[in-house]
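Q: Sharing data.tsv below, TSV, C-alpha atoms:
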```tsv
chain	number	residue	atom	x	y	z
A	1	MET	CA	-4.75	-22.56	10.73
A	2	GLN	CA	-5.53	-19.43	12.73
A	3	ALA	CA	-6.74	-16.31	10.93
A	4	LEU	CA	-8.47	-13.00	11.51
A	5	THR	CA	-11.91	-13.27	9.92
A	6	THR	CA	-15.15	-11.38	9.45
A	7	SER	CA	-18.54	-12.56	8.19
A	8	ASP	CA	-20.88	-9.64	8.91
A	9	ARG	CA	-20.46	-6.52	6.76
A	10	GLU	CA	-22.83	-4.52	8.96
A	11	ALA	CA	-20.85	-5.32	12.10
A	12	GLY	CA	-17.81	-3.36	10.91
A	13	LEU	CA	-14.79	-3.67	13.17
A	14	GLY	CA	-16.93	-5.47	15.74
A	15	GLY	CA	-17.21	-8.41	13.37
A	16	LEU	CA	-13.46	-9.09	13.33
A	17	ALA	CA	-12.41	-12.14	15.31
A	18	LEU	CA	-9.76	-14.85	15.33
A	19	ALA	CA	-10.97	-18.19	13.98
A	20	HIS	CA	-9.65	-21.52	12.76
A	21	LEU	CA	-9.86	-22.00	8.99
A	22	PRO	CA	-8.75	-24.83	6.69
A	23	TYR	CA	-5.25	-24.67	5.26
A	24	PRO	CA	-5.48	-22.74	1.96
A	25	HIS	CA	-5.61	-24.57	-1.35
A	26	ALA	CA	-2.88	-23.75	-3.87
A	27	ALA	CA	-4.57	-23.33	-7.24
A	28	GLU	CA	-2.70	-23.42	-10.53
A	29	ASN	CA	0.22	-20.94	-10.52
A	30	ASP	CA	-0.36	-20.26	-6.81
A	31	VAL	CA	2.04	-20.21	-3.90
A	32	VAL	CA	1.07	-20.94	-0.31
A	33	VAL	CA	3.03	-18.62	1.97
A	34	ARG	CA	3.68	-19.22	5.63
A	35	VAL	CA	3.05	-15.70	6.84
A	36	HIS	CA	5.68	-14.05	9.02
A	37	ALA	CA	4.34	-10.49	8.82
A	38	ALA	CA	1.28	-8.87	7.26
A	39	GLY	CA	0.11	-5.39	6.41
A	40	PHE	CA	-3.46	-4.14	6.15
A	41	THR	CA	-5.48	-1.06	5.22
A	42	ARG	CA	-7.99	0.15	7.80
A	43	GLY	CA	-10.62	0.97	5.18
A	44	GLU	CA	-10.63	-2.42	3.50
A	45	LEU	CA	-13.74	-3.59	5.34
A	46	ASP	CA	-15.59	-1.10	3.12
A	47	TRP	CA	-14.20	-2.53	-0.13
A	48	PRO	CA	-16.67	-4.61	-2.20
A	49	ALA	CA	-13.94	-7.18	-2.96
A	50	THR	CA	-13.64	-7.91	0.76
A	51	TRP	CA	-17.09	-9.46	0.67
A	52	SER	CA	-17.49	-11.02	-2.77
A	53	ASP	CA	-15.31	-12.71	-5.35
A	54	ARG	CA	-14.79	-11.58	-8.93
A	55	ALA	CA	-18.04	-13.24	-9.98
A	56	GLY	CA	-19.98	-11.35	-7.32
A	57	ARG	CA	-20.50	-14.38	-5.06
A	58	ASP	CA	-20.36	-14.06	-1.29
A	59	ARG	CA	-17.03	-15.30	0.02
A	60	THR	CA	-17.43	-14.92	3.79
A	61	PRO	CA	-15.90	-15.67	6.18
A	62	THR	CA	-13.24	-13.45	4.69
A	63	VAL	CA	-9.67	-12.82	5.81
A	64	PRO	CA	-8.48	-9.19	5.47
A	65	GLY	CA	-4.94	-7.93	4.84
A	66	HIS	CA	-3.28	-7.71	1.44
A	67	GLU	CA	0.43	-7.28	2.14
A	68	VAL	CA	2.44	-10.33	3.04
A	69	SER	CA	5.98	-11.33	3.86
A	70	GLY	CA	6.93	-14.88	4.65
A	71	VAL	CA	8.29	-18.16	3.35
A	72	VAL	CA	7.00	-20.35	0.53
A	73	ALA	CA	5.33	-23.41	2.08
A	74	ALA	CA	3.86	-25.06	-1.02
A	75	LEU	CA	3.58	-24.59	-4.78
A	76	GLY	CA	0.48	-25.03	-6.92
A	77	TYR	CA	0.47	-26.91	-10.20
A	78	GLY	CA	2.47	-25.11	-12.88
A	79	THR	CA	4.08	-22.61	-10.51
A	80	THR	CA	7.57	-21.59	-11.58
A	81	GLY	CA	10.16	-19.05	-10.49
A	82	LEU	CA	9.84	-19.67	-6.74
A	83	THR	CA	10.82	-22.60	-4.51
A	84	VAL	CA	9.63	-24.07	-1.22
A	85	GLY	CA	11.48	-22.47	1.69
A	86	GLN	CA	12.21	-19.23	-0.20
A	87	ARG	CA	11.65	-15.87	1.51
A	88	VAL	CA	9.08	-13.81	-0.43
A	89	PHE	CA	6.89	-10.74	-0.09
A	90	GLY	CA	4.15	-9.13	-2.12
A	91	LEU	CA	0.55	-8.23	-2.69
A	92	THR	CA	-2.35	-10.66	-2.31
A	93	ASP	CA	-5.41	-10.59	-4.56
A	94	TRP	CA	-8.15	-8.13	-3.54
A	95	ALA	CA	-10.93	-10.71	-4.00
A	96	ARG	CA	-9.30	-13.63	-2.16
A	97	ASP	CA	-8.54	-14.31	1.48
A	98	GLY	CA	-5.74	-12.10	2.68
A	99	SER	CA	-2.62	-12.17	4.77
A	100	LEU	CA	-3.84	-11.82	8.37
A	101	ALA	CA	-3.52	-15.56	8.81
A	102	GLU	CA	-0.85	-18.16	9.43
A	103	TYR	CA	-0.95	-19.17	5.74
A	104	VAL	CA	-2.22	-17.51	2.57
A	105	ALA	CA	-2.52	-18.62	-1.05
A	106	VAL	CA	-1.19	-16.02	-3.52
A	107	GLU	CA	-0.62	-15.93	-7.26
A	108	ALA	CA	3.11	-16.45	-7.76
A	109	ARG	CA	3.34	-13.45	-10.09
A	110	ASN	CA	2.29	-11.20	-7.19
A	111	LEU	CA	5.34	-12.15	-5.13
A	112	ALA	CA	9.03	-11.31	-5.31
A	113	PRO	CA	12.06	-12.85	-3.58
A	114	LEU	CA	12.97	-11.14	-0.32
A	115	PRO	CA	16.67	-10.62	0.49
A	116	ALA	CA	17.82	-12.20	3.73
A	117	ASP	CA	18.85	-8.82	5.17
A	118	VAL	CA	15.39	-7.24	4.84
A	119	ASP	CA	13.20	-7.93	7.86
A	120	HIS	CA	9.73	-9.37	7.28
A	121	THR	CA	8.09	-6.50	9.20
A	122	VAL	CA	9.67	-3.97	6.84
A	123	ALA	CA	8.81	-6.06	3.77
A	124	ALA	CA	5.16	-6.30	4.82
A	125	ALA	CA	4.95	-2.50	4.80
A	126	LEU	CA	6.35	-2.19	1.28
A	127	PRO	CA	3.92	-3.56	-1.34
A	128	ILE	CA	0.93	-1.19	-1.29
A	129	SER	CA	2.84	1.95	-0.32
A	130	GLY	CA	5.79	1.33	-2.62
A	131	LEU	CA	3.87	0.16	-5.68
A	132	THR	CA	1.20	2.88	-5.29
A	133	ALA	CA	3.79	5.64	-5.01
A	134	TRP	CA	5.79	4.40	-8.01
A	135	GLN	CA	2.81	3.75	-10.26
A	136	GLY	CA	1.16	7.06	-9.38
A	137	LEU	CA	4.23	9.21	-9.94
A	138	PHE	CA	5.89	7.53	-12.90
A	139	ASP	CA	3.48	5.18	-14.67
A	140	HIS	CA	0.47	7.51	-14.50
A	141	ALA	CA	1.75	11.07	-13.91
A	142	ARG	CA	5.00	10.55	-15.85
A	143	LEU	CA	6.96	12.70	-13.41
A	144	THR	CA	10.37	13.76	-14.73
A	145	THR	CA	13.45	15.59	-13.48
A	146	GLY	CA	12.91	19.31	-12.94
A	147	GLN	CA	9.16	19.16	-12.54
A	148	THR	CA	7.29	20.25	-9.41
A	149	VAL	CA	5.08	17.75	-7.61
A	150	LEU	CA	2.58	18.38	-4.81
A	151	ILE	CA	2.27	15.29	-2.59
A	152	HIS	CA	-0.56	15.17	-0.06
A	153	GLY	CA	-0.08	13.17	3.12
A	154	ALA	CA	3.68	13.49	2.75
A	155	ALA	CA	4.41	11.75	6.05
A	156	GLY	CA	1.84	8.99	5.58
A	157	ALA	CA	2.33	5.43	4.38
A	158	VAL	CA	2.06	6.17	0.66
A	159	GLY	CA	3.03	9.84	0.71
A	160	SER	CA	6.30	9.28	2.57
A	161	VAL	CA	7.47	6.82	-0.09
A	162	ALA	CA	6.28	9.10	-2.90
A	163	VAL	CA	8.31	11.98	-1.44
A	164	GLN	CA	11.47	9.85	-1.49
A	165	PHE	CA	10.88	8.66	-5.06
A	166	ALA	CA	10.15	12.17	-6.34
A	167	HIS	CA	13.18	13.64	-4.59
A	168	GLU	CA	15.47	10.95	-6.00
A	169	ALA	CA	14.03	11.58	-9.48
A	170	GLY	CA	15.15	15.21	-9.30
A	171	ALA	CA	11.72	16.79	-8.89
A	172	ARG	CA	10.91	19.76	-6.67
A	173	VAL	CA	8.73	18.26	-3.93
A	174	ILE	CA	6.02	20.11	-2.02
A	175	GLY	CA	4.59	17.99	0.77
A	176	THR	CA	1.42	18.56	2.76
A	177	GLY	CA	0.04	17.25	6.03
A	178	ARG	CA	-0.49	18.36	9.60
A	179	ALA	CA	1.96	20.57	11.46
A	180	ALA	CA	3.37	17.58	13.35
A	181	ASP	CA	4.36	16.00	10.02
A	182	ARG	CA	6.61	18.85	8.90
A	183	ASP	CA	9.96	17.57	10.16
A	184	THR	CA	9.31	14.06	8.87
A	185	ALA	CA	8.32	15.24	5.39
A	186	LEU	CA	11.33	17.54	5.09
A	187	ALA	CA	13.70	14.83	6.32
A	188	LEU	CA	12.35	12.45	3.67
A	189	GLY	CA	13.14	14.91	0.90
A	190	ALA	CA	10.33	17.45	0.61
A	191	HIS	CA	11.69	20.89	-0.30
A	192	VAL	CA	8.61	22.72	1.01
A	193	PHE	CA	5.93	21.70	3.50
A	194	LEU	CA	2.39	23.09	3.74
A	195	ASP	CA	0.23	22.61	6.84
A	196	LEU	CA	-3.24	21.78	5.48
A	197	ASP	CA	-4.88	22.88	8.73
A	198	ALA	CA	-3.28	26.33	8.91
A	199	GLY	CA	-1.85	27.21	5.51
A	200	GLU	CA	-3.34	28.07	2.15
A	201	LEU	CA	-3.05	25.38	-0.49
A	202	ALA	CA	-2.66	28.08	-3.11
A	203	ASP	CA	0.71	28.92	-1.53
A	204	ALA	CA	2.10	25.89	-3.35
A	205	GLY	CA	1.91	27.82	-6.62
A	206	GLU	CA	1.76	26.09	-9.96
A	207	VAL	CA	2.78	22.44	-10.10
A	208	ASP	CA	3.22	19.83	-12.81
A	209	VAL	CA	1.86	16.90	-10.81
A	210	VAL	CA	-0.49	16.45	-7.87
A	211	PHE	CA	-0.32	13.12	-6.02
A	212	ASP	CA	-3.44	12.87	-3.87
A	213	VAL	CA	-4.37	10.43	-1.11
A	214	ILE	CA	-7.08	12.52	0.55
A	215	GLY	CA	-9.82	13.31	-1.97
A	216	GLY	CA	-12.74	15.64	-1.35
A	217	ASP	CA	-12.15	19.36	-1.14
A	218	VAL	CA	-8.36	18.97	-1.03
A	219	LEU	CA	-8.40	17.11	-4.34
A	220	ALA	CA	-10.73	19.65	-5.93
A	221	ARG	CA	-8.66	22.66	-4.80
A	222	SER	CA	-5.41	21.00	-5.87
A	223	THR	CA	-6.65	20.64	-9.44
A	224	ALA	CA	-6.58	24.40	-9.92
A	225	LEU	CA	-2.84	24.46	-9.18
A	226	VAL	CA	-1.86	22.20	-12.08
A	227	ARG	CA	-0.25	24.01	-15.00
A	228	ALA	CA	-1.09	23.24	-18.62
A	229	GLY	CA	-0.17	19.71	-19.59
A	230	GLY	CA	0.04	18.59	-15.95
A	231	THR	CA	-1.56	15.66	-14.17
A	232	VAL	CA	-3.56	14.94	-11.03
A	233	VAL	CA	-3.40	11.34	-9.80
A	234	THR	CA	-5.46	10.19	-6.85
A	235	ILE	CA	-6.06	6.96	-4.98
A	236	ALA	CA	-8.88	8.45	-2.91
A	237	GLU	CA	-11.81	8.72	-5.35
A	238	PRO	CA	-12.53	9.30	-9.04
A	239	PRO	CA	-11.90	13.02	-9.70
A	240	THR	CA	-14.90	15.14	-10.72
A	241	VAL	CA	-12.86	17.94	-12.30
A	242	ARG	CA	-9.64	17.98	-14.26
A	243	PRO	CA	-6.97	20.62	-14.88
A	244	ASP	CA	-7.29	22.90	-17.88
A	245	ASP	CA	-5.33	21.26	-20.69
A	246	GLY	CA	-4.32	18.47	-18.31
A	247	ARG	CA	-5.25	15.05	-16.99
A	248	ALA	CA	-6.93	13.79	-13.83
A	249	LEU	CA	-7.14	10.10	-13.02
A	250	PHE	CA	-7.95	7.66	-10.26
A	251	PHE	CA	-6.10	4.36	-10.05
A	252	VAL	CA	-5.86	1.21	-7.96
A	253	VAL	CA	-2.43	-0.27	-7.36
A	254	GLU	CA	-1.49	-3.35	-9.38
A	255	PRO	CA	0.95	-6.17	-8.56
A	256	ASP	CA	4.38	-5.93	-10.17
A	257	ARG	CA	7.06	-8.51	-9.32
A	258	ALA	CA	9.92	-6.58	-10.93
A	259	ARG	CA	9.04	-3.39	-9.08
A	260	LEU	CA	8.71	-5.27	-5.79
A	261	ALA	CA	12.23	-6.60	-6.26
A	262	ASP	CA	13.41	-3.04	-6.92
A	263	LEU	CA	11.74	-1.82	-3.74
A	264	ALA	CA	13.47	-4.50	-1.67
A	265	GLN	CA	16.81	-3.58	-3.20
A	266	ARG	CA	16.26	0.09	-2.41
A	267	VAL	CA	15.60	-0.78	1.23
A	268	LEU	CA	18.69	-2.99	1.26
A	269	ASP	CA	20.82	-0.17	-0.20
A	270	GLY	CA	19.46	2.41	2.25
A	271	ARG	CA	17.82	4.43	-0.55
A	272	LEU	CA	14.27	3.88	0.73
A	273	SER	CA	12.98	4.29	4.26
A	274	VAL	CA	9.71	2.61	5.27
A	275	ARG	CA	7.96	3.94	8.35
A	276	VAL	CA	6.99	0.98	10.53
A	277	GLY	CA	5.29	2.19	13.69
A	278	ALA	CA	3.79	-0.57	15.82
A	279	VAL	CA	4.36	-4.31	15.41
A	280	ARG	CA	1.60	-6.38	17.00
A	281	PRO	CA	0.81	-10.10	17.20
A	282	LEU	CA	-2.00	-11.76	15.24
A	283	ALA	CA	-4.03	-11.99	18.45
A	284	GLU	CA	-4.22	-8.17	18.50
A	285	ALA	CA	-4.95	-7.70	14.79
A	286	ALA	CA	-8.64	-6.84	15.31
A	287	ALA	CA	-7.76	-4.08	17.76
A	288	ALA	CA	-5.16	-2.71	15.33
A	289	PHE	CA	-7.95	-1.82	12.86
A	290	ALA	CA	-9.48	0.66	15.32
A	291	PRO	CA	-9.31	4.20	13.87
A	292	ASP	CA	-8.41	5.77	17.23
A	293	ARG	CA	-5.14	3.82	17.28
A	294	ARG	CA	-2.82	6.22	15.48
A	295	VAL	CA	0.90	5.59	15.39
A	296	LYS	CA	3.71	7.26	13.47
A	297	GLY	CA	4.19	4.76	10.68
A	298	ARG	CA	2.49	1.57	9.52
A	299	THR	CA	1.12	-0.95	11.98
A	300	ILE	CA	2.35	-4.40	10.97
A	301	ILE	CA	1.04	-7.71	12.29
A	302	ARG	CA	3.75	-10.19	13.24
A	303	VAL	CA	2.36	-13.68	12.64
A	304	ALA	CA	5.44	-15.89	13.01
A	305	GLU	CA	9.05	-15.37	14.02
A	306	ASP	CA	11.74	-15.48	11.35
```
Could you quickly redo this structure as C-alpha cells?
A:
Amino acid sequence: MQALTTSDREAGLGGLALAHLPYPHAAENDVVVRVHAAGFTRGELDWPATWSDRAGRDRTPTVPGHEVSGVVAALGYGTTGLTVGQRVFGLTDWARDGSLAEYVAVEARNLAPLPADVDHTVAAALPISGLTAWQGLFDHARLTTGQTVLIHGAAGAVGSVAVQFAHEAGARVIGTGRAADRDTALALGAHVFLDLDAGELADAGEVDVVFDVIGGDVLARSTALVRAGGTVVTIAEPPTVRPDDGRALFFVVEPDRARLADLAQRVLDGRLSVRVGAVRPLAEAAAAFAPDRRVKGRTIIRVAED
C-alpha cells in the first residue's frame, strides 16, 4: 500500500515522503480500515509516540495522521461490533502507524459507525476536535448552564467546536483569537470576542472555565480570571499555576466510541459545524504539513473516493 512516511526525526518536515509499505496486520480486536479521508496535526512530528511504541522501541518508518474515515476492510481475531464493508470513523492509536495511508489498523473500540449522509472528509475532521472539545468542557471542567467560559482559539479546529458545545449547553461564551476570527467565532455562538493581538485579556472579566489551546503567557494570564471554584483546562502544556481555590489541568484526548457516534449525529442533524478548509490528495500530504500553509478550517487528506 502507499503511505506517507518518515524515518528521520531530525529531518522534520523534510523527512516526509510517500512510500510503499506492507498491508497492515489486524491484531486481536483490531479493524483494518480502507482509508477514504484522514486528518492530521501539524505538530505530531514532535510527539514522542510518533517515533517509538509504548515500550520505547523505535518504530520507524512511521506513518503520521490520527484521524480516519473509511470502510472496514478486514477484522482481527475477536473483533465484534463492526462488519466488513461498514463505513466508520475515529481516532487511531498515538503509538501506532496512522491514517495517512491507503489502509490502517485500528483498535475497534476507537471507531464508530459513520452515517451514510456524513461525508468522509467531514468525518475525518471530527475525532480530535470533537472529542477534545467535549472532554475538556464537560468531563474535565464540568461546564454547566449559566456559567461563563473563556475559549481561546475560538475559530480554530478545537475552539470552534468548543464554542458550539458551550453555547448549546447554555453557557456564556467568550471567544478569543485574531481580529479576522471575530465574525466566525460570533457566528458559531460566542457572545463576546476578544482580539488577543489588540485587546486586553482582563476585559473578559471573571469566568468559571478557561479552555486553552495556546499555552504560554496566554494560559498564565487566563488563570487569574478564574473565579473561586473554577477550572482551567489546557491541551497546550501542563499548567505551572492554578486559580485560587480552583483547578488547573492538562489533558490528552482519549478515544470514545459513544461520543464519536454522538458527534456524527450532531453533524447529521445540523447541530454541529466542522470547518473543513482544504481537501488535498495523499500525494500532497507532505506539503500540507508546512506551517506556512494556512487555510480557514482543517486541511483533510482525501485518500480514496467514496
Q: Report the distance between atom CA of Lys296 of chain A and atom CA of Glu200 of chain A in Å, rounded to one decimal place.
A: 24.7 Å
Q: Would you compute the distance between atom CA of Val106 of chain A and atom CA of Val32 of chain A? Give it in Å to one decimal.
A: 6.3 Å
Q: With 12 Å as the threshold, what does the neighbourhood of (-12.7, -10.3, 18.4) contain in terms of residues, counting all atoms listed in the file? Coordinates are those of the file; answer as a list in words.
A: Ala3, Leu4, Thr5, Thr6, Ser7, Ala11, Gly12, Leu13, Gly14, Gly15, Leu16, Ala17, Leu18, Ala19, Leu282, Ala283, Glu284, Ala285, Ala286, Ala287, Ala288, Phe289 and Ala290 of chain A
Q: Which residues are close to Asp217 of chain A, i.e. within 12 Å by all atoms listed in the file, leaving aside same-chain residues fewer than 5 positions away? Reply as a ChimeraX atom specification.
A: /A:196,201,212,222-224,236-237,239-241
Q: Could you give me, as an MDAnalysis selection string, the residues within 10 Å of Pro48 of chain A, counting all atoms listed in the file and dropping anything in the same chain fewer than 6 positions from it?
A: chainID A and resid 9 54 56 94:95
Q: So the first atom is atom CA of Arg227 of chain A and the second is atom CA of Gly189 of chain A; what is the distance between them in Å, to one decimal place?
A: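 So the answer is 22.7 Å.
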Q: Taking only C-alpha atoms into account, name the residue in A:Ala228, A:Ala133, A:Ala37, A:Ala74 that is nearest to Arg280 of chain A.
A: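 Nearest candidate to Arg280 of chain A out of A:Ala228, A:Ala133, A:Ala37, A:Ala74: A:Ala37.
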Q: Using all atoms listed in the file, which protein or nucleic acid residues come within 7 Å of Ala38 of chain A? Drop anything in the same chain fewer than 4 positions from it, and give the result as a ChimeraX atom specification.
A: /A:65,67-69,99-100,124,300-302
Q: Report as number ranges by chain all protein, DNA and RNA residues lying within 12 Å of Glu254 of chain A, evaluated on all atoms listed in the file, omitting residues in the same chain fewer than 3 positions from it.
A: A: 66, 90-94, 109-111, 127-136, 139, 251, 257-260
Q: Find, counting all atoms listed in the file, the residue in A:Trp51, A:Gly297, A:His25, A:Pro243 that gets nearest to Glu10 of chain A.
A: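 Closest to Glu10 of chain A of all the choices is A:Trp51.
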Q: Name the closest residue to Leu114 of chain A among the candidates A:Val192, A:Val303, A:Val72, A:Val210; distances are taken between atoms, counting all atoms listed in the file.
A: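 Of the candidates, the smallest distance to Leu114 of chain A is held by A:Val72.
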Q: So, counting all atoms listed in the file, which residue among A:Ala171, A:Val31, A:Ala125, A:Val149 is closest to Ala105 of chain A?
A: A:Val31
Q: Please tell me which residues are no farther than 10 Å from (12.7, 15.9, -17.1) in the file, counting all atoms listed in the file, and write them as a ChimeraX atom specification.
A: /A:142-147,169-171
Q: Let me see the file: selected residues, C-alpha atoms, as a PDB file, in the coordinates of the input.
A:
```pdb
ATOM      1  CA  ARG A 142       5.000  10.550 -15.850  1.00  0.00           C
ATOM      2  CA  LEU A 143       6.960  12.700 -13.410  1.00  0.00           C
ATOM      3  CA  THR A 144      10.370  13.760 -14.730  1.00  0.00           C
ATOM      4  CA  THR A 145      13.450  15.590 -13.480  1.00  0.00           C
ATOM      5  CA  GLY A 146      12.910  19.310 -12.940  1.00  0.00           C
ATOM      6  CA  GLN A 147       9.160  19.160 -12.540  1.00  0.00           C
ATOM      7  CA  ALA A 169      14.030  11.580  -9.480  1.00  0.00           C
ATOM      8  CA  GLY A 170      15.150  15.210  -9.300  1.00  0.00           C
ATOM      9  CA  ALA A 171      11.720  16.790  -8.890  1.00  0.00           C
TER      10      ALA A 171
END
```
Q: Go through A:Pro115, A:Pro24, A:Gly175, A:Pro238 and flag the residue nearest Ala162 of chain A, using all atoms listed in the file for the distances.
A: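 Going through A:Pro115, A:Pro24, A:Gly175, A:Pro238 one by one, the smallest distance to Ala162 of chain A is for A:Gly175.
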Q: Listed atoms of segment 54-64 of chain A, axis-aligned box, 3 Å per side: centre and edge lengths to one decimal in Å, as JSON?
A:
```
{"center_x": -14.5, "center_y": -12.4, "center_z": -1.9, "size_x": 18.0, "size_y": 12.5, "size_z": 22.2}
```
Q: Counting only C-alpha atoms, what is within 6 Å of Arg87 of chain A, bar same-chain residues fewer than 5 positions away, as an NGL selection string?
A: :A and (70-71 or 113-114)
Q: What does the file look like for those residues with C-alpha atoms, as a tab-separated table (two decimals), keeping the file's coordinate frame?
A:
```tsv
chain	number	residue	atom	x	y	z
A	70	GLY	CA	6.93	-14.88	4.65
A	71	VAL	CA	8.29	-18.16	3.35
A	113	PRO	CA	12.06	-12.85	-3.58
A	114	LEU	CA	12.97	-11.14	-0.32
```
Q: With only C-alpha atoms as the basis for distance, which of A:Gly159, A:Pro61, A:Pro281, A:Gly39 is at the shortest distance from Asp181 of chain A?
A: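 Under the stated criterion, the closest residue is A:Gly159.
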